[in-house]
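coords_36.tsv (TSV, C-alpha atoms (C1' of nucleotides)) appears below.
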```
chain	number	residue	atom	x	y	z
A	19	MET	CA	0.00	0.00	0.00
A	20	SER	CA	1.33	3.39	-0.88
A	21	THR	CA	1.86	6.08	1.71
A	22	ARG	CA	-0.87	8.13	0.16
A	23	GLU	CA	-3.39	5.35	0.52
A	24	GLU	CA	-2.34	4.72	4.08
A	25	LEU	CA	-2.80	8.38	4.80
A	26	ALA	CA	-6.29	8.39	3.35
A	27	ALA	CA	-7.20	5.24	5.24
A	28	GLU	CA	-5.92	6.70	8.47
A	29	LEU	CA	-7.95	9.83	7.91
A	30	GLN	CA	-11.15	7.91	7.27
A	31	GLU	CA	-10.61	5.70	10.27
A	32	ARG	CA	-10.16	8.70	12.51
A	33	MET	CA	-13.16	10.38	10.98
A	34	VAL	CA	-15.36	7.38	11.72
A	35	ARG	CA	-14.06	7.29	15.25
A	36	PHE	CA	-14.65	11.00	15.66
A	37	ILE	CA	-18.24	10.72	14.51
A	38	ALA	CA	-18.89	7.77	16.80
A	39	ASP	CA	-17.53	9.78	19.71
A	40	VAL	CA	-19.69	12.76	18.88
A	41	ILE	CA	-22.78	10.60	18.79
A	42	LEU	CA	-21.82	9.03	22.08
A	43	PHE	CA	-21.16	12.38	23.67
A	44	ASN	CA	-24.50	13.73	22.52
A	45	HIS	CA	-26.15	10.65	23.89
A	46	ALA	CA	-24.54	11.17	27.27
A	47	VAL	CA	-25.41	14.85	27.41
A	48	SER	CA	-29.02	14.19	26.42
A	49	ALA	CA	-29.40	11.55	29.08
A	50	LYS	CA	-28.14	13.98	31.67
A	51	VAL	CA	-30.90	16.45	30.84
A	52	GLY	CA	-33.50	13.74	30.48
A	53	LEU	CA	-33.79	13.99	26.72
A	54	GLY	CA	-33.61	11.35	24.03
A	55	GLY	CA	-31.28	11.23	21.08
A	56	SER	CA	-33.78	12.77	18.69
A	57	ASP	CA	-34.40	15.62	21.08
A	58	SER	CA	-30.78	16.71	21.15
A	59	GLN	CA	-30.52	16.26	17.40
A	60	PHE	CA	-33.39	18.72	17.07
A	61	MET	CA	-31.72	21.19	19.38
A	62	THR	CA	-28.50	20.99	17.42
A	63	LEU	CA	-30.32	21.64	14.16
A	64	LEU	CA	-32.29	24.52	15.61
A	65	GLN	CA	-29.23	26.15	17.08
A	66	SER	CA	-27.42	25.86	13.77
A	67	TYR	CA	-30.14	26.95	11.42
A	68	GLY	CA	-32.49	28.98	13.57
A	69	PRO	CA	-36.26	28.56	13.37
A	70	LEU	CA	-37.36	25.56	11.33
A	71	THR	CA	-40.71	24.07	10.44
A	72	PRO	CA	-41.64	20.53	11.51
A	73	ARG	CA	-41.38	19.50	7.90
A	74	GLN	CA	-37.79	20.71	7.69
A	75	LEU	CA	-36.94	18.98	10.91
A	76	SER	CA	-38.46	15.83	9.52
A	77	GLU	CA	-36.34	16.03	6.40
A	78	HIS	CA	-33.17	16.69	8.32
A	79	THR	CA	-33.60	13.84	10.74
A	80	GLY	CA	-35.36	11.24	8.65
A	81	LEU	CA	-38.16	11.01	11.19
A	82	THR	CA	-41.79	10.98	10.14
A	83	SER	CA	-44.10	13.92	10.68
A	84	GLY	CA	-45.92	12.20	13.51
A	85	THR	CA	-42.71	11.58	15.38
A	86	VAL	CA	-41.59	15.15	14.84
A	87	THR	CA	-44.78	16.42	16.41
A	88	GLY	CA	-44.08	14.29	19.46
A	89	VAL	CA	-40.50	15.49	19.79
A	90	ILE	CA	-41.60	19.11	19.49
A	91	ASP	CA	-44.25	18.49	22.15
A	92	ARG	CA	-41.59	17.20	24.50
A	93	LEU	CA	-39.17	20.03	23.87
A	94	GLU	CA	-41.90	22.61	24.17
A	95	GLY	CA	-43.02	21.08	27.44
A	96	ILE	CA	-39.54	21.45	28.85
A	97	GLY	CA	-39.35	24.99	27.54
A	98	LEU	CA	-36.37	24.52	25.27
A	99	ILE	CA	-38.29	25.65	22.20
A	100	THR	CA	-41.41	27.58	21.29
A	101	ARG	CA	-44.05	26.89	18.68
A	102	GLU	CA	-45.35	29.82	16.67
A	103	PRO	CA	-47.54	29.98	13.61
A	104	ASP	CA	-45.81	31.26	10.49
A	105	PRO	CA	-47.42	34.64	9.72
A	106	ASN	CA	-46.84	34.16	6.00
A	107	ASP	CA	-48.36	30.71	5.79
A	108	ARG	CA	-50.69	29.73	8.56
A	109	ARG	CA	-50.40	26.04	7.82
A	110	LYS	CA	-46.80	26.18	8.91
A	111	VAL	CA	-45.36	26.18	12.38
A	112	LEU	CA	-42.08	27.78	13.30
A	113	VAL	CA	-40.08	25.96	15.90
A	114	THR	CA	-37.75	28.41	17.61
A	115	PRO	CA	-35.08	27.55	20.15
A	116	SER	CA	-35.39	29.66	23.28
A	117	SER	CA	-31.91	30.90	23.93
A	118	GLU	CA	-32.44	31.61	27.62
A	119	ALA	CA	-33.42	28.04	28.43
A	120	ILE	CA	-30.59	26.73	26.30
A	121	GLN	CA	-28.07	28.91	28.05
A	122	GLU	CA	-29.34	27.71	31.36
A	123	LYS	CA	-29.86	24.01	30.79
A	124	LEU	CA	-27.84	22.93	27.78
A	125	ALA	CA	-24.91	25.27	27.37
A	126	PRO	CA	-23.12	24.26	30.58
A	127	LEU	CA	-22.99	20.67	29.40
A	128	TYR	CA	-21.38	21.61	26.11
A	129	ALA	CA	-19.08	24.20	27.59
A	130	GLU	CA	-16.23	21.81	28.20
A	131	GLN	CA	-16.50	20.34	24.73
A	132	GLY	CA	-16.52	23.82	23.26
A	133	ARG	CA	-13.47	24.79	25.23
A	134	ARG	CA	-11.58	21.74	24.01
A	135	MET	CA	-12.55	22.32	20.41
A	136	HIS	CA	-11.41	25.88	20.77
A	137	GLU	CA	-8.12	24.57	22.05
A	138	VAL	CA	-7.74	22.22	19.11
A	139	LEU	CA	-8.37	25.06	16.70
A	140	ALA	CA	-6.15	27.50	18.56
A	141	GLY	CA	-3.10	25.38	17.89
A	142	ARG	CA	-3.54	25.63	14.15
A	143	SER	CA	-2.68	28.16	11.50
A	144	ASP	CA	-5.26	30.10	9.53
A	145	ALA	CA	-4.24	28.13	6.48
A	146	ASP	CA	-4.91	24.85	8.26
A	147	LEU	CA	-8.31	25.99	9.44
A	148	ARG	CA	-9.11	26.84	5.87
A	149	VAL	CA	-8.06	23.39	4.71
A	150	ILE	CA	-10.19	21.70	7.36
A	151	SER	CA	-13.18	23.96	6.82
A	152	ASP	CA	-13.11	23.36	3.09
A	153	PHE	CA	-12.89	19.65	3.64
A	154	PHE	CA	-16.14	19.78	5.60
A	155	ARG	CA	-17.72	21.97	2.97
A	156	ASP	CA	-16.94	19.50	0.22
A	157	SER	CA	-17.96	16.55	2.33
A	158	ILE	CA	-21.30	18.14	3.03
A	159	ALA	CA	-21.89	18.84	-0.62
A	160	ASN	CA	-21.40	15.13	-1.11
A	161	GLN	CA	-24.38	14.13	0.87
A	162	GLN	CA	-27.93	14.72	-0.25
A	163	PRO	CA	-28.79	18.23	-1.38
A	164	LEU	CA	-30.89	19.08	1.66
A	165	ASP	CA	-31.38	22.75	1.01
A	166	ILE	CA	-32.22	24.44	4.20
A	167	ALA	CA	-32.94	28.07	4.77
B	143	MET	CA	-15.17	39.89	14.55
B	144	SER	CA	-11.70	39.10	13.31
B	145	THR	CA	-11.16	37.00	10.23
B	146	ARG	CA	-9.64	34.29	12.34
B	147	GLU	CA	-12.73	34.03	14.50
B	148	GLU	CA	-14.98	34.01	11.48
B	149	LEU	CA	-12.90	31.22	10.04
B	150	ALA	CA	-13.19	29.15	13.21
B	151	ALA	CA	-16.93	29.78	13.40
B	152	GLU	CA	-17.36	28.77	9.79
B	153	LEU	CA	-15.43	25.60	10.40
B	154	GLN	CA	-17.51	24.64	13.40
B	155	GLU	CA	-20.73	25.38	11.61
B	156	ARG	CA	-19.74	23.16	8.72
B	157	MET	CA	-18.61	20.46	11.08
B	158	VAL	CA	-21.98	20.43	12.83
B	159	ARG	CA	-23.72	20.29	9.50
B	160	PHE	CA	-21.47	17.48	8.34
B	161	ILE	CA	-22.20	15.41	11.42
B	162	ALA	CA	-25.94	15.98	11.07
B	163	ASP	CA	-25.72	14.80	7.48
B	164	VAL	CA	-23.81	11.71	8.45
B	165	ILE	CA	-26.42	10.80	11.03
B	166	LEU	CA	-29.16	11.40	8.50
B	167	PHE	CA	-27.41	9.31	5.90
B	168	ASN	CA	-26.94	6.44	8.32
B	169	HIS	CA	-30.59	6.67	9.20
B	170	ALA	CA	-31.58	6.40	5.58
B	171	VAL	CA	-29.26	3.49	4.86
B	172	SER	CA	-30.41	1.62	7.95
B	173	ALA	CA	-34.02	2.04	7.01
B	174	LYS	CA	-33.29	0.63	3.58
B	175	VAL	CA	-31.90	-2.58	5.06
B	176	GLY	CA	-34.61	-2.75	7.69
B	177	LEU	CA	-32.31	-1.90	10.57
B	178	GLY	CA	-32.60	0.71	13.27
B	179	GLY	CA	-30.14	3.45	14.05
B	180	SER	CA	-28.49	1.49	16.82
B	181	ASP	CA	-27.97	-1.46	14.54
B	182	SER	CA	-25.96	0.48	12.02
B	183	GLN	CA	-24.04	2.17	14.81
B	184	PHE	CA	-23.03	-1.28	16.02
B	185	MET	CA	-21.95	-2.33	12.57
B	186	THR	CA	-19.83	0.77	12.20
B	187	LEU	CA	-18.11	0.14	15.50
B	188	LEU	CA	-17.54	-3.51	14.72
B	189	GLN	CA	-16.11	-2.77	11.32
B	190	SER	CA	-13.77	-0.20	12.81
B	191	TYR	CA	-12.57	-2.05	15.86
B	192	GLY	CA	-13.12	-5.70	15.03
B	193	PRO	CA	-14.62	-8.13	17.56
B	194	LEU	CA	-16.07	-6.44	20.63
B	195	THR	CA	-17.85	-7.65	23.72
B	196	PRO	CA	-21.40	-6.53	24.51
B	197	ARG	CA	-19.99	-4.55	27.39
B	198	GLN	CA	-17.69	-2.59	25.07
B	199	LEU	CA	-20.52	-1.99	22.65
B	200	SER	CA	-22.59	-0.71	25.52
B	201	GLU	CA	-19.88	1.72	26.57
B	202	HIS	CA	-19.35	2.99	23.05
B	203	THR	CA	-23.00	3.58	22.31
B	204	GLY	CA	-24.36	4.60	25.68
B	205	LEU	CA	-27.02	1.92	25.47
B	206	THR	CA	-27.80	-0.33	28.40
B	207	SER	CA	-26.68	-3.94	28.52
B	208	GLY	CA	-30.18	-5.20	27.94
B	209	THR	CA	-30.55	-3.16	24.82
B	210	VAL	CA	-27.21	-4.37	23.55
B	211	THR	CA	-28.34	-7.96	23.90
B	212	GLY	CA	-31.41	-7.15	21.86
B	213	VAL	CA	-29.48	-5.40	19.12
B	214	ILE	CA	-27.03	-8.29	18.92
B	215	ASP	CA	-29.95	-10.70	18.68
B	216	ARG	CA	-31.30	-8.79	15.72
B	217	LEU	CA	-28.00	-8.52	13.93
B	218	GLU	CA	-27.22	-12.17	14.54
B	219	GLY	CA	-30.64	-13.14	13.22
B	220	ILE	CA	-29.95	-11.31	9.99
B	221	GLY	CA	-26.53	-12.87	9.79
B	222	LEU	CA	-24.50	-9.66	9.90
B	223	ILE	CA	-22.58	-10.74	12.98
B	224	THR	CA	-21.72	-13.86	14.93
B	225	ARG	CA	-21.68	-14.50	18.65
B	226	GLU	CA	-18.83	-16.52	20.07
B	227	PRO	CA	-17.80	-17.20	23.63
B	228	ASP	CA	-14.47	-15.73	24.65
B	229	PRO	CA	-12.15	-18.69	25.22
B	230	ASN	CA	-10.23	-16.76	27.88
B	231	ASP	CA	-13.25	-15.70	29.90
B	232	ARG	CA	-16.38	-17.69	29.44
B	233	ARG	CA	-18.58	-14.99	30.87
B	234	LYS	CA	-17.73	-12.85	27.88
B	235	VAL	CA	-19.11	-12.93	24.39
B	236	LEU	CA	-17.26	-11.84	21.31
B	237	VAL	CA	-19.36	-10.15	18.68
B	238	THR	CA	-17.72	-10.50	15.30
B	239	PRO	CA	-18.86	-8.87	12.06
B	240	SER	CA	-19.24	-11.36	9.26
B	241	SER	CA	-17.48	-9.78	6.33
B	242	GLU	CA	-19.26	-11.81	3.67
B	243	ALA	CA	-22.72	-10.65	4.74
B	244	ILE	CA	-21.49	-7.08	5.07
B	245	GLN	CA	-20.03	-7.13	1.60
B	246	GLU	CA	-23.27	-8.45	0.24
B	247	LYS	CA	-25.87	-6.43	2.14
B	248	LEU	CA	-24.25	-3.31	3.51
B	249	ALA	CA	-21.30	-2.43	1.33
B	250	PRO	CA	-23.37	-1.60	-1.76
B	251	LEU	CA	-25.28	1.04	0.17
B	252	TYR	CA	-22.14	2.75	1.34
B	253	ALA	CA	-20.35	2.38	-1.96
B	254	GLU	CA	-21.56	5.67	-3.35
B	255	GLN	CA	-20.65	7.50	-0.17
B	256	GLY	CA	-17.22	5.91	-0.23
B	257	ARG	CA	-16.70	6.89	-3.82
B	258	ARG	CA	-17.58	10.48	-3.06
B	259	MET	CA	-15.32	10.63	-0.05
B	260	HIS	CA	-12.56	9.19	-2.17
B	261	GLU	CA	-13.21	11.96	-4.65
B	262	VAL	CA	-13.02	14.61	-1.97
B	263	LEU	CA	-9.73	13.26	-0.76
B	264	ALA	CA	-8.35	12.78	-4.26
B	265	GLY	CA	-8.47	16.50	-4.90
B	266	ARG	CA	-6.20	17.25	-1.98
B	267	SER	CA	-2.49	17.21	-1.40
B	268	ASP	CA	-0.76	14.81	0.95
B	269	ALA	CA	-0.02	17.72	3.23
B	270	ASP	CA	-3.71	18.64	3.40
B	271	LEU	CA	-4.72	15.10	4.20
B	272	ARG	CA	-2.22	15.15	7.01
B	273	VAL	CA	-3.69	18.38	8.36
B	274	ILE	CA	-7.21	16.98	8.27
B	275	SER	CA	-6.24	13.63	9.70
B	276	ASP	CA	-4.41	15.26	12.58
B	277	PHE	CA	-7.38	17.48	13.27
B	278	PHE	CA	-9.53	14.40	13.74
B	279	ARG	CA	-6.88	12.78	15.89
B	280	ASP	CA	-6.77	15.75	18.25
B	281	SER	CA	-10.53	16.09	18.27
B	282	ILE	CA	-10.90	12.46	19.24
B	283	ALA	CA	-8.37	12.84	22.03
B	284	ASN	CA	-10.62	15.58	23.32
B	285	GLN	CA	-13.52	13.35	23.96
B	286	GLN	CA	-13.66	10.83	26.74
B	287	PRO	CA	-10.77	8.38	27.03
B	288	LEU	CA	-12.75	5.40	25.81
B	289	ASP	CA	-9.96	2.90	25.51
B	290	ILE	CA	-11.02	0.24	23.17
B	291	ALA	CA	-9.11	-2.76	21.88
C	288	DA	C1'	-65.29	29.04	-5.84
C	289	DC	C1'	-63.32	24.61	-6.34
C	290	DA	C1'	-59.86	21.09	-6.80
C	291	DA	C1'	-55.43	19.82	-5.80
C	292	DG	C1'	-51.45	20.40	-3.13
C	293	DT	C1'	-49.00	21.31	1.26
C	294	DA	C1'	-48.28	21.38	6.44
C	295	DT	C1'	-49.25	19.73	10.67
C	296	DC	C1'	-51.51	16.92	14.02
C	297	DT	C1'	-53.90	12.68	15.94
C	298	DC	C1'	-53.99	8.04	17.14
C	299	DG	C1'	-53.57	3.02	17.02
C	300	DG	C1'	-50.16	-0.51	16.44
C	301	DT	C1'	-45.33	-1.88	16.29
C	302	DT	C1'	-40.77	-1.75	17.71
C	303	DA	C1'	-36.98	-0.20	20.62
C	304	DT	C1'	-35.19	0.76	25.05
C	305	DT	C1'	-34.86	0.77	29.90
C	306	DC	C1'	-34.84	-1.18	34.42
C	307	DA	C1'	-34.46	-4.77	37.68
C	308	DA	C1'	-33.71	-9.30	38.58
C	309	DG	C1'	-31.44	-13.84	37.37
C	310	DT	C1'	-27.65	-17.06	35.90
C	311	DA	C1'	-22.97	-18.10	35.01
C	312	DT	C1'	-18.23	-17.20	35.49
C	313	DC	C1'	-14.15	-15.19	37.37
C	314	DT	C1'	-11.07	-13.10	41.15
C	315	DC	C1'	-8.98	-12.91	45.32
C	316	DG	C1'	-8.20	-13.08	50.05
C	317	DA	C1'	-8.79	-15.85	54.41
D	185	DT	C1'	-9.47	-24.31	48.47
D	186	DC	C1'	-13.46	-22.25	49.31
D	187	DG	C1'	-16.68	-18.68	49.57
D	188	DA	C1'	-17.87	-13.69	49.06
D	189	DG	C1'	-17.99	-10.25	45.91
D	190	DA	C1'	-17.30	-8.54	41.37
D	191	DT	C1'	-18.07	-8.96	36.47
D	192	DA	C1'	-20.61	-10.35	32.04
D	193	DC	C1'	-24.41	-11.33	29.80
D	194	DT	C1'	-29.40	-12.46	29.38
D	195	DT	C1'	-34.35	-12.29	30.43
D	196	DG	C1'	-38.91	-10.33	30.96
D	197	DA	C1'	-42.12	-6.76	32.14
D	198	DA	C1'	-43.02	-1.87	31.78
D	199	DT	C1'	-42.11	2.40	29.39
D	200	DA	C1'	-41.12	5.22	25.65
D	201	DA	C1'	-40.18	6.11	20.87
D	202	DC	C1'	-41.47	5.64	16.28
D	203	DC	C1'	-44.17	4.75	12.06
D	204	DG	C1'	-48.12	5.04	9.03
D	205	DA	C1'	-52.46	6.41	7.58
D	206	DG	C1'	-56.02	9.38	7.95
D	207	DA	C1'	-58.02	13.96	9.53
D	208	DT	C1'	-57.89	18.97	9.66
D	209	DA	C1'	-56.60	23.47	8.14
D	210	DC	C1'	-54.64	26.44	5.04
D	211	DT	C1'	-52.79	27.81	0.37
D	212	DT	C1'	-52.39	27.92	-4.66
D	213	DG	C1'	-53.86	27.91	-9.26
D	214	DT	C1'	-57.50	27.80	-12.48
```

For the structure just supplied, provide its representation as structure tokens.
Amino acid sequence: MSTREELAAELQERMVRFIADVILFNHAVSAKVGLGGSDSQFMTLLQSYGPLTPRQLSEHTGLTSGTVTGVIDRLEGIGLITREPDPNDRRKVLVTPSSEAIQEKLAPLYAEQGRRMHEVLAGRSDADLRVISDFFRDSIANQQPLDIA
Amino acid sequence: MSTREELAAELQERMVRFIADVILFNHAVSAKVGLGGSDSQFMTLLQSYGPLTPRQLSEHTGLTSGTVTGVIDRLEGIGLITREPDPNDRRKVLVTPSSEAIQEKLAPLYAEQGRRMHEVLAGRSDADLRVISDFFRDSIANQQPLDIA
DNA sequence: ACAAGTATCTCGGTTATTCAAGTATCTCGA
DNA sequence: TCGAGATACTTGAATAACCGAGATACTTGT
């Protein structure tokens, strides 16, 4: 095997491991707050993309509309999100993350992870960050074209 | 905001998006084979780390021991893995992925993804691959010390 | 105004997961 | 060596999550 191929294999192996760890970490954090895996996935999506409709959440998680309704019910009950009708289309519902509740309940649990990631990035040059960022960009483009927002 | 901070923020945003897409993709693939999310997570772990005990699978997924037994039952029923007693400790069970079944049932579904990832990597220099690979290495080290193998 | 399309919710049935208890094996000190 | 305690997995009942199909409400285009 050439060095190049070994390098690529190493990268992929680490990537798989990284993803597994992220999933595990999310799982652990969710459990600590009393949420399920889908719940935290929703919160992640909402914090990344802002208000989303149930339909969009369904598309981004692969869950059916009925399930999405249930998850939103849970999250709304806890106060992590709010449900508002879309003024432009009254069929739609806008699910908005409530930043206060997130800051209070969720943020502390991710603080340490954020600090460590910051540390990892701090040790790298601007050029390297660009390389890594572009890698993610291209990898995303590879998946389905799930146009959001 | 400085350019450096914008760069880091962009990177993290893309990373989050990338992970969400990976989870979604896994979900879709699992559904196509008639497996649940946990099942494919198990297969990923087993393909990465080789034979594992139920206890290790439990630690790496955050699922309880009872759930792990159930998942293993399912996967064994389909023929994707085999259960063998550990000769050194008869309390233990070794869960081994059966490569033939994986090649036949699972590999085709991931083939396209693999091809695309290969494409993404192909367009990059050895130095860039090293930068990306090391980023994953350091990010993994950041998570819990989940010594496996 | 009407038909077709879209967005969400409801609800019954299925499946997945947890929790607690049970069995088997191993470890280690008296 | 023998027994107590720890470890590894499984089982079964209860809980929770999820899917799927149909119902409701709104929008769009003709």

Checklist outcome for this item: In-order C-alpha superposition of chain A on chain B by least squares yields an RMSD of 0.2 Å

Closest atom pairs, chain A residues within 6 Å of chain B, all atoms listed in the file, as a Markdown table:
```
| residue | atom | partner | partner_atom | distance |
| --- | --- | --- | --- | --- |
| A:Leu29 | CA | B:Ser275 | CA | 4.5 |
| A:Arg32 | CA | B:Phe278 | CA | 5.9 |
| A:Phe36 | CA | B:Ile282 | CA | 5.4 |
| A:Leu42 | CA | B:Thr203 | CA | 5.6 |
| A:Thr79 | CA | B:Leu166 | CA | 5.5 |
| A:Ile150 | CA | B:Ile274 | CA | 5.7 |
| A:Ser151 | CA | B:Leu153 | CA | 4.5 |
| A:Phe154 | CA | B:Arg156 | CA | 5.8 |
| A:Ile158 | CA | B:Phe160 | CA | 5.4 |
```

C-alpha atoms of the current selection, written as a PDB file, in the coordinates of the input:
```pdb
ATOM      1  CA  LEU A  29      -7.950   9.830   7.910  1.00  0.00           C
ATOM      2  CA  ARG A  32     -10.160   8.700  12.510  1.00  0.00           C
ATOM      3  CA  PHE A  36     -14.650  11.000  15.660  1.00  0.00           C
ATOM      4  CA  LEU A  42     -21.820   9.030  22.080  1.00  0.00           C
ATOM      5  CA  THR A  79     -33.600  13.840  10.740  1.00  0.00           C
ATOM      6  CA  ILE A 150     -10.190  21.700   7.360  1.00  0.00           C
ATOM      7  CA  SER A 151     -13.180  23.960   6.820  1.00  0.00           C
ATOM      8  CA  PHE A 154     -16.140  19.780   5.600  1.00  0.00           C
ATOM      9  CA  ILE A 158     -21.300  18.140   3.030  1.00  0.00           C
TER      10      ILE A 158
END
```

Checklist entry - Which residues, protein or nucleic acid, reach to within 12 Å of (-34.8, 13.3, 22.2) in the file's coordinates when using all atoms listed in the file, and can you give that as a PyMOL selection string? => result (chain A and resi 44-62+79+81+85-94+96+98) or (chain D and resi 200-202)

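In this comparison, which uses all atoms listed in the file, the residue of A:Gly97, A:Val111, A:Glu24, A:Leu64 approaching chain D most closely is A:Val111.
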
Checklist entry - Given a cut-off of 9 Å, which residues of chain B touch chain D, counting all atoms listed in the file, written out as a ChimeraX atom specification? => result /B:196-197,207-208,211,232-235

Item to check | Atomic separation - CA of Gln65 in chain A relative to CA of Pro115 in chain A, Å | outcome: 6.8 Å

Checklist entry - For chain C against chain B, which residues fall within 7 Å using all atoms listed in the file, given as a ChimeraX atom specification? => result /C:304,311-312

For the residues selected in the previous step, produce a file with C-alpha atoms (C1' of nucleotides) as an mmCIF file, keeping the file's coordinate frame.
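The resulting out_17.cif:
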```cif
data_model
loop_
_atom_site.group_PDB
_atom_site.id
_atom_site.type_symbol
_atom_site.label_atom_id
_atom_site.label_comp_id
_atom_site.auth_asym_id
_atom_site.auth_seq_id
_atom_site.Cartn_x
_atom_site.Cartn_y
_atom_site.Cartn_z
ATOM 1 C "C1'" DT C 304 -35.190 0.760 25.050
ATOM 2 C "C1'" DA C 311 -22.970 -18.100 35.010
ATOM 3 C "C1'" DT C 312 -18.230 -17.200 35.490
#
```

Item to check | Point-to-point distance from CA of Arg101 in chain A to CA of Glu122 in chain A, Å rounded to tenths | outcome: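 So the answer is 19.4 Å.
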
Can you tell me, as AutoDock Vina command-line options, the centre and edge lengths (Å, one decimal) of the axis-aligned box enclosing all of range 219-234 of chain B's listed atoms after padding each side by 3 Å?
```
--center_x -20.4 --center_y -14.2 --center_z 20.3 --size_x 26.4 --size_y 15.0 --size_z 27.1
```

Item to check | Atom pair C1' of DT297 in chain C / CA of Leu75 in chain A: separation (Å) | outcome: 18.8 Å

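Selecting by distance to (-20.3, -13.7, 14.7) with a limit of 7 Å and using all atoms listed in the file, one obtains Ile223, Thr224, Arg225, Glu226, Val237, Thr238, Pro239 and Ser240 of chain B.
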
Just to be explicit: take each residue in the selection above, keep C-alpha atoms, and write the result as a PDB file, in the frame of the given file.
```pdb
ATOM      1  CA  ILE B 223     -22.580 -10.740  12.980  1.00  0.00           C
ATOM      2  CA  THR B 224     -21.720 -13.860  14.930  1.00  0.00           C
ATOM      3  CA  ARG B 225     -21.680 -14.500  18.650  1.00  0.00           C
ATOM      4  CA  GLU B 226     -18.830 -16.520  20.070  1.00  0.00           C
ATOM      5  CA  VAL B 237     -19.360 -10.150  18.680  1.00  0.00           C
ATOM      6  CA  THR B 238     -17.720 -10.500  15.300  1.00  0.00           C
ATOM      7  CA  PRO B 239     -18.860  -8.870  12.060  1.00  0.00           C
ATOM      8  CA  SER B 240     -19.240 -11.360   9.260  1.00  0.00           C
TER       9      SER B 240
END
```
